Amino acid sequence: MDRQLDLLQGTLDMLILKAVSLGPLHGYGILLRIQQISKDRLEIQQGSLYPALYRLEHQGWITSEWGESENKRKARYYRLTAAGKRRLQTEAEKWNRMADVIAGILGTTPEEV
Amino acid sequence: MTLWNRLRSWVEAILQRSRMETEMDAELRFHIEAFAEDLVRSGIPREEALRRARIEFGGVERAKEECRDARGTNFIESFIQDLRFGLRMLAKNPGFMAIAVVTLALGIGANTAIFSLIDAIMLKNLPVKDPQQLVLFQWDTHKWPPHFGQTGGDSKLSFSYPAFQQFSTQREALSAVFAFVPLGFSEQNVTVNLNGEPTLAYGEMVTGNYFSGLGVPPLLGRTITEEDEQPGAPRVAVISYGYWSSRFGRDPSVLGRVITLNGTSATIVGVTPSTFYGEHPGGEPDLWVAFADLPNLRPWGAKPANTSSVFTDRDWICLNIMGRLRRGVSREQAQSALDTAFHQFLVADWTPDKPDQVPHLQLAAAGQGVNHLREAYSQPLYLLMAVVGLVLLIACANLATLLLARATTRQREISVRLAMGASRVRLIRQLLTESVLLSAIGGAIGLLFARWGTQALLALMSGGPGGQHQMILDVKPDRNVLLFTLAASVLTGILFGLAPAFRAARLELASAMKESADNIFEGRDGHFLGKSLVVAQVAASLVLMIGAGLFVRSLENFERKDLGFDQKNLLTFGIDPTRAGYRGDRLVNFYQQALERVQGLPGVQSATLIENIPLSDWSNNTNITVEGSRLNVPNNHLRWSVVGPDFFRTMDIPLIAGRGINESDRVTAPHVAVVDETFVRTYLGDTYPLGQRFYLGAGTNPNPKFEFEIVGVVKKAELTDIHAQPIPKAYMSYSQFPEELGTLYFQVRTAGDPWGLIPELRDAIRQMDPSLPLMDVGTLTQLTADALTQERIFARLSSFFGFLALLLASIGLYGTMAYSVTRQTHEIGIRLALGAEPQDVLRTVLGKGLKLTLGGVVIGILAALAATRLISTMIYGVTATDPVTFIAVAVFMVLVALVACYVPARRATRVDPTVALRYQ
């Protein structure tokens, strides 16, 4: 149970950074964008979104300010910082490398062992 | 980068908590409403949409909590929450809180008191500017060039004035070099005439830059300057704040007052600040004068003014020198620079046999001044610290037991909280906060106890308000002491709170809700923790009590030690006629006449003279050569003193052979000595002692003045150091050394109470010369007691703490047994109902208590056997493993424990079976 959550936490952070890298968004908007760019294949638990956002802001990868939403209401908008951009790059590279390694392991045939 | 961000957002979060809360609330609400609107757009009615949005989001409060966590501020908020809750819980139970707080206050207070002393004696710096720049000059060897004569109180730190001048010329490394020396041997080394009345004070002679070198500004007027050291400069004196308060009532008009110091007048030009106590911690001079050659005001060890000048005498080696490092110069650099100068200085008038025999100069860090207290007191203080530390541990064990019992009553509350979702970590944190809070309150009160305790301890160390050696220490709580108290409180709180907190958090929820379940106190291991805490307390208090027993017996042994002379009805006092200008033959005549007068007083049986205050640890010690001695003795020491006629009769020291010193031993007569039996045994063996000769010093060309013929042998007597082993002693006639005499101490054997005779004695001396006050007046009984001050302190303190520990352990034992009986009421009831006699129940309960006690006693004895080895050098007449003490204390402990268990045991016998059977 615990391990699954951890993985999700790291992945969620990366997804949020990616979503925000495409342009500043408020929390709900980030949720929608992740769903959109994942072509609706990923569902994020809404309750875990905001703690992740606060954590990322606390660590300095994103920053926030209050602005006006589409329907003229006050909302907090998040955008990527320069450090956050670098972080996203590093995390993406790590993820891709890991995916390669796992794919290699899973694709091993009995003869190659 | 991210650390900085974290810090910033953390600080922001704390400072703007409420704003953050509102914003977070607004943000989450926006989210839910936005989601709801999307749902509305897809056709769902508004009410339903909102409901779905909320469900989809999940627990809002939970999310908020996690958000707060993510900010990292949760810790502070929950800590404040815990504090508030803790205070409420404590207030609900004032009885428990009172006991706990008092126990803690005593334990922490005792530790703080001892630490204050450690701080004042060993850690505090001199209250001067930049004490870390100060250095103390010292020799690196104990082998001085053979031509050296009299040195200062600590020969390693003694130099001559010409040496000081040599050092002063080296200005690259040190910005200031200054020197100081006491005005005489005793603690009352100068006679000050105030308003015609001669009084005694302690003064120092200092070089002109002493005060500027230390960086001490005057409180009033000015301090000594270099002009005051110039020849022909008017005599001035600077007085201390303490002296100003006690003698002048803090009158500001004291500036310009003229006082006489040993007959020389001096004008008071300044007062030092109240925080300044000179350069020796523990001793505060009353006044300072500039270096000068004054006829009657000669500093320590200086020859008379007409034979030598303190400024030029290369054989007067009594100055202490300190310096201040220049910025950027290290001690090692300064040391090597000055060592070269020192070497040149030494070889100027001395050719050593080998070049590497020349001693070197060392510069020691002197931020604490010239600290002799540290060597004298460090071992006793560390020992005391261990004792009070052990008492505090016992108090912790006691409190842990109390808390365990209390946690039992809170079982319900704790299990409900756990069921509601509190994490165990949080619970433990909250319980620990409570115990640390308790401990902090105890510590704060303990600080008050400590202030009082430190004062009492200082009074003990000084030997009472009239004692001879007043300890003046700055023991006000400073930052070190406060930090120590805080640390001790927090650590104590964690220590005794840890076990109960862990126990409480380990509760099995389902069973805890039931009444009859295992509870926190017993835990799953059936009471083991509680029992072992009691056993530990018993063991620890046993160790302390055994230590106390050893110290008490040691003190008794010292008090009953036969010192070889009769201490009853023996009065002592000293006078220093050299301060009034008496020298040589005039001095001897003065003493002779004074003796006659004193002997003539009614109530005086006999009177004599001796060179040092008895039992003050001061004595002359010299190497000797015994002529014609066939025995090869490795270290030829001798402890000797000049004495007056009738010495042995007055002191009641039995004569074994020959005669004592008498009036015929005048300066024109051959020089004689009376030796003691230890001398004979050590140096003469079987040789008949009378007529044998010896002389002071080694080498083959003795000074005939210091050559003696033995005319008598006496039984050994301890007149110097009550702790010493017997060593060879000799007694010479004072009147044979008129040029070397200084202060002499009268020993007066009275018929009745010695104190009553003091006014007549004062009169007798005053009639001879009104400018001579009586110094160091006291009785031998009092001096004996003073010499045992440290032993007495230890005996009293260890007894006090031993009994305190015993009390705590007994309370712990009582509490545990009482609790055990309560828990087993049901079982006891059944047994009584089935026909058991009340005595059986009594015996069972007592038996349980006894088992615990015996366990503690056995462990305690083993621990004590190891621990008392540490104090074996401090006790006298008993071994560190003295069986009598061990057994007596163990038996006493068991008896006390039986008493402590008796009440619960009685209660057990009174259990009404019918009530007990109903009580589930």
# chains A, B, ... in the order shown; residues from 1 in each chain; ligands from 1
$ interface_residues --of "chain A" --to "chain B" --cutoff "12 Å" --atoms "only C-alpha atoms" --output "ChimeraX atom specification"
/A:25-32,43-78,81-84,87
$ select_by_dssp --residues "stretch 457-655 of chain B" --states "alpha helix (DSSP H)" --output "PyMOL selection string"
chain B and resi 457-462+479-505+509-512+528-559+584-600+647-651
$ residues_around --residues "stretch 873-889 of chain B" --least-positions-apart "2" --cutoff "12 Å" --atoms "only C-alpha atoms" --output "VMD selection string"
chain B and resid 379 to 380 383 538 to 539 541 to 561 722 to 725 788 790 to 792 794 to 795 799 802 to 803 806 857 to 858 860 to 871 891 to 896
$ residues_around --residues "A:Leu22" --least-positions-apart "6" --cutoff "10 Å" --atoms "only C-alpha atoms" --output "MDAnalysis selection string"
chainID A and resid 33 79:80
$ write_last_selection --atoms "C-alpha atoms" --output "CSV table (one decimal), in the first residue's frame"
chain,number,residue,atom,x,y,z
A,33,ARG,CA,-4.9,19.4,-18.4
A,79,ARG,CA,3.5,28.5,-13.0
A,80,LEU,CA,6.9,26.8,-13.4
$ residues_around --residues "B:Leu287" --least-positions-apart "4" --cutoff "9 Å" --atoms "only C-alpha atoms" --output "PyMOL selection string"
chain B and resi 201-205+237-240+243+271
$ residues_around --residues "stretch 486-500 of chain B" --least-positions-apart "5" --cutoff "6 Å" --atoms "only C-alpha atoms" --output "CSV table (one decimal) with C-alpha atoms, in the first residue's frame"
chain,number,residue,atom,x,y,z
B,396,CYS,CA,13.2,10.3,37.0
B,400,ALA,CA,8.2,7.4,35.4
B,404,LEU,CA,2.8,5.0,34.3
B,432,LEU,CA,6.3,13.6,25.8
B,435,SER,CA,6.3,15.4,30.6
B,436,VAL,CA,8.8,17.9,29.3
B,439,SER,CA,9.9,19.0,33.8
B,440,ALA,CA,10.3,22.6,32.6
B,443,GLY,CA,13.3,23.2,36.4
$ residues_around --residues "stretch 209-225 of chain B" --least-positions-apart "3" --cutoff "10 Å" --atoms "only C-alpha atoms" --output "PDB file with C-alpha atoms, in the first residue's frame"
ATOM      1  CA  LEU B 126      37.629  37.103  34.212  1.00  0.00           C
ATOM      2  CA  PRO B 127      35.249  40.034  33.986  1.00  0.00           C
ATOM      3  CA  VAL B 128      37.708  42.063  31.936  1.00  0.00           C
ATOM      4  CA  LYS B 129      38.034  43.125  28.330  1.00  0.00           C
ATOM      5  CA  ASP B 130      38.720  40.267  25.883  1.00  0.00           C
ATOM      6  CA  PRO B 131      39.815  37.697  28.446  1.00  0.00           C
ATOM      7  CA  GLN B 133      43.717  37.433  24.803  1.00  0.00           C
ATOM      8  CA  LEU B 134      45.259  37.124  28.247  1.00  0.00           C
ATOM      9  CA  SER B 175      50.279  44.712  23.596  1.00  0.00           C
ATOM     10  CA  ALA B 176      50.670  44.792  27.361  1.00  0.00           C
ATOM     11  CA  VAL B 177      52.743  43.018  30.005  1.00  0.00           C
ATOM     12  CA  PHE B 178      51.874  43.589  33.641  1.00  0.00           C
ATOM     13  CA  ALA B 179      52.776  42.060  36.968  1.00  0.00           C
ATOM     14  CA  PHE B 180      51.344  41.721  40.457  1.00  0.00           C
ATOM     15  CA  MET B 205      51.324  45.527  44.649  1.00  0.00           C
ATOM     16  CA  VAL B 206      50.895  45.967  40.906  1.00  0.00           C
ATOM     17  CA  ASP B 228      52.460  56.085  40.046  1.00  0.00           C
ATOM     18  CA  GLU B 229      55.408  53.733  39.591  1.00  0.00           C
ATOM     19  CA  GLN B 230      57.929  56.485  39.013  1.00  0.00           C
ATOM     20  CA  VAL B 236      48.225  56.126  46.000  1.00  0.00           C
ATOM     21  CA  ALA B 237      45.883  53.215  46.516  1.00  0.00           C
ATOM     22  CA  VAL B 238      42.897  51.854  44.606  1.00  0.00           C
ATOM     23  CA  ILE B 239      40.286  50.022  46.640  1.00  0.00           C
ATOM     24  CA  SER B 240      37.851  47.294  45.613  1.00  0.00           C
ATOM     25  CA  TYR B 241      34.104  47.657  45.511  1.00  0.00           C
ATOM     26  CA  PRO B 252      31.726  58.702  47.301  1.00  0.00           C
ATOM     27  CA  VAL B 254      36.343  58.285  49.858  1.00  0.00           C
ATOM     28  CA  LEU B 255      38.363  59.664  46.956  1.00  0.00           C
ATOM     29  CA  GLY B 256      41.180  61.721  48.343  1.00  0.00           C
ATOM     30  CA  ILE B 268      42.736  56.634  47.812  1.00  0.00           C
ATOM     31  CA  VAL B 269      42.329  57.592  44.172  1.00  0.00           C
ATOM     32  CA  GLY B 270      39.823  55.117  42.834  1.00  0.00           C
ATOM     33  CA  VAL B 271      37.331  52.296  43.319  1.00  0.00           C
ATOM     34  CA  THR B 272      37.070  49.271  41.024  1.00  0.00           C
ATOM     35  CA  PRO B 273      33.741  48.042  39.602  1.00  0.00           C
ATOM     36  CA  SER B 274      31.651  45.579  41.604  1.00  0.00           C
ATOM     37  CA  THR B 275      32.188  42.828  39.057  1.00  0.00           C
ATOM     38  CA  PHE B 276      35.995  42.928  39.277  1.00  0.00           C
ATOM     39  CA  GLY B 278      41.249  40.713  40.766  1.00  0.00           C
ATOM     40  CA  GLU B 279      43.033  38.035  38.814  1.00  0.00           C
ATOM     41  CA  TRP B 288      46.047  47.780  45.147  1.00  0.00           C
ATOM     42  CA  VAL B 289      49.165  49.950  45.298  1.00  0.00           C
ATOM     43  CA  ALA B 290      51.811  50.749  42.735  1.00  0.00           C
ATOM     44  CA  PHE B 291      55.204  49.098  42.769  1.00  0.00           C
ATOM     45  CA  ILE B 321      53.245  38.169  35.210  1.00  0.00           C
ATOM     46  CA  MET B 322      50.418  38.284  32.702  1.00  0.00           C
ATOM     47  CA  GLY B 323      50.226  39.669  29.207  1.00  0.00           C
ATOM     48  CA  ARG B 324      47.738  40.486  26.487  1.00  0.00           C
TER      49      ARG B 324
END
$ atom_distance --atom1 "atom CA of B:Met775" --atom2 "atom CA of B:Gln188"
7.1 Å
$ closest_residue --among "B:Ile610, B:Val391, B:Met20, B:Ile441" --to "B:Thr720" --atoms "only C-alpha atoms"
B:Ile610
$ select_by_dssp --residues "stretch 128-316 of chain B" --states "strand (DSSP E)" --output "VMD selection string"
chain B and resid 134 to 139 174 to 182 190 to 194 197 to 201 203 to 206 220 to 221 236 to 239 258 to 261 264 to 271 287 to 290
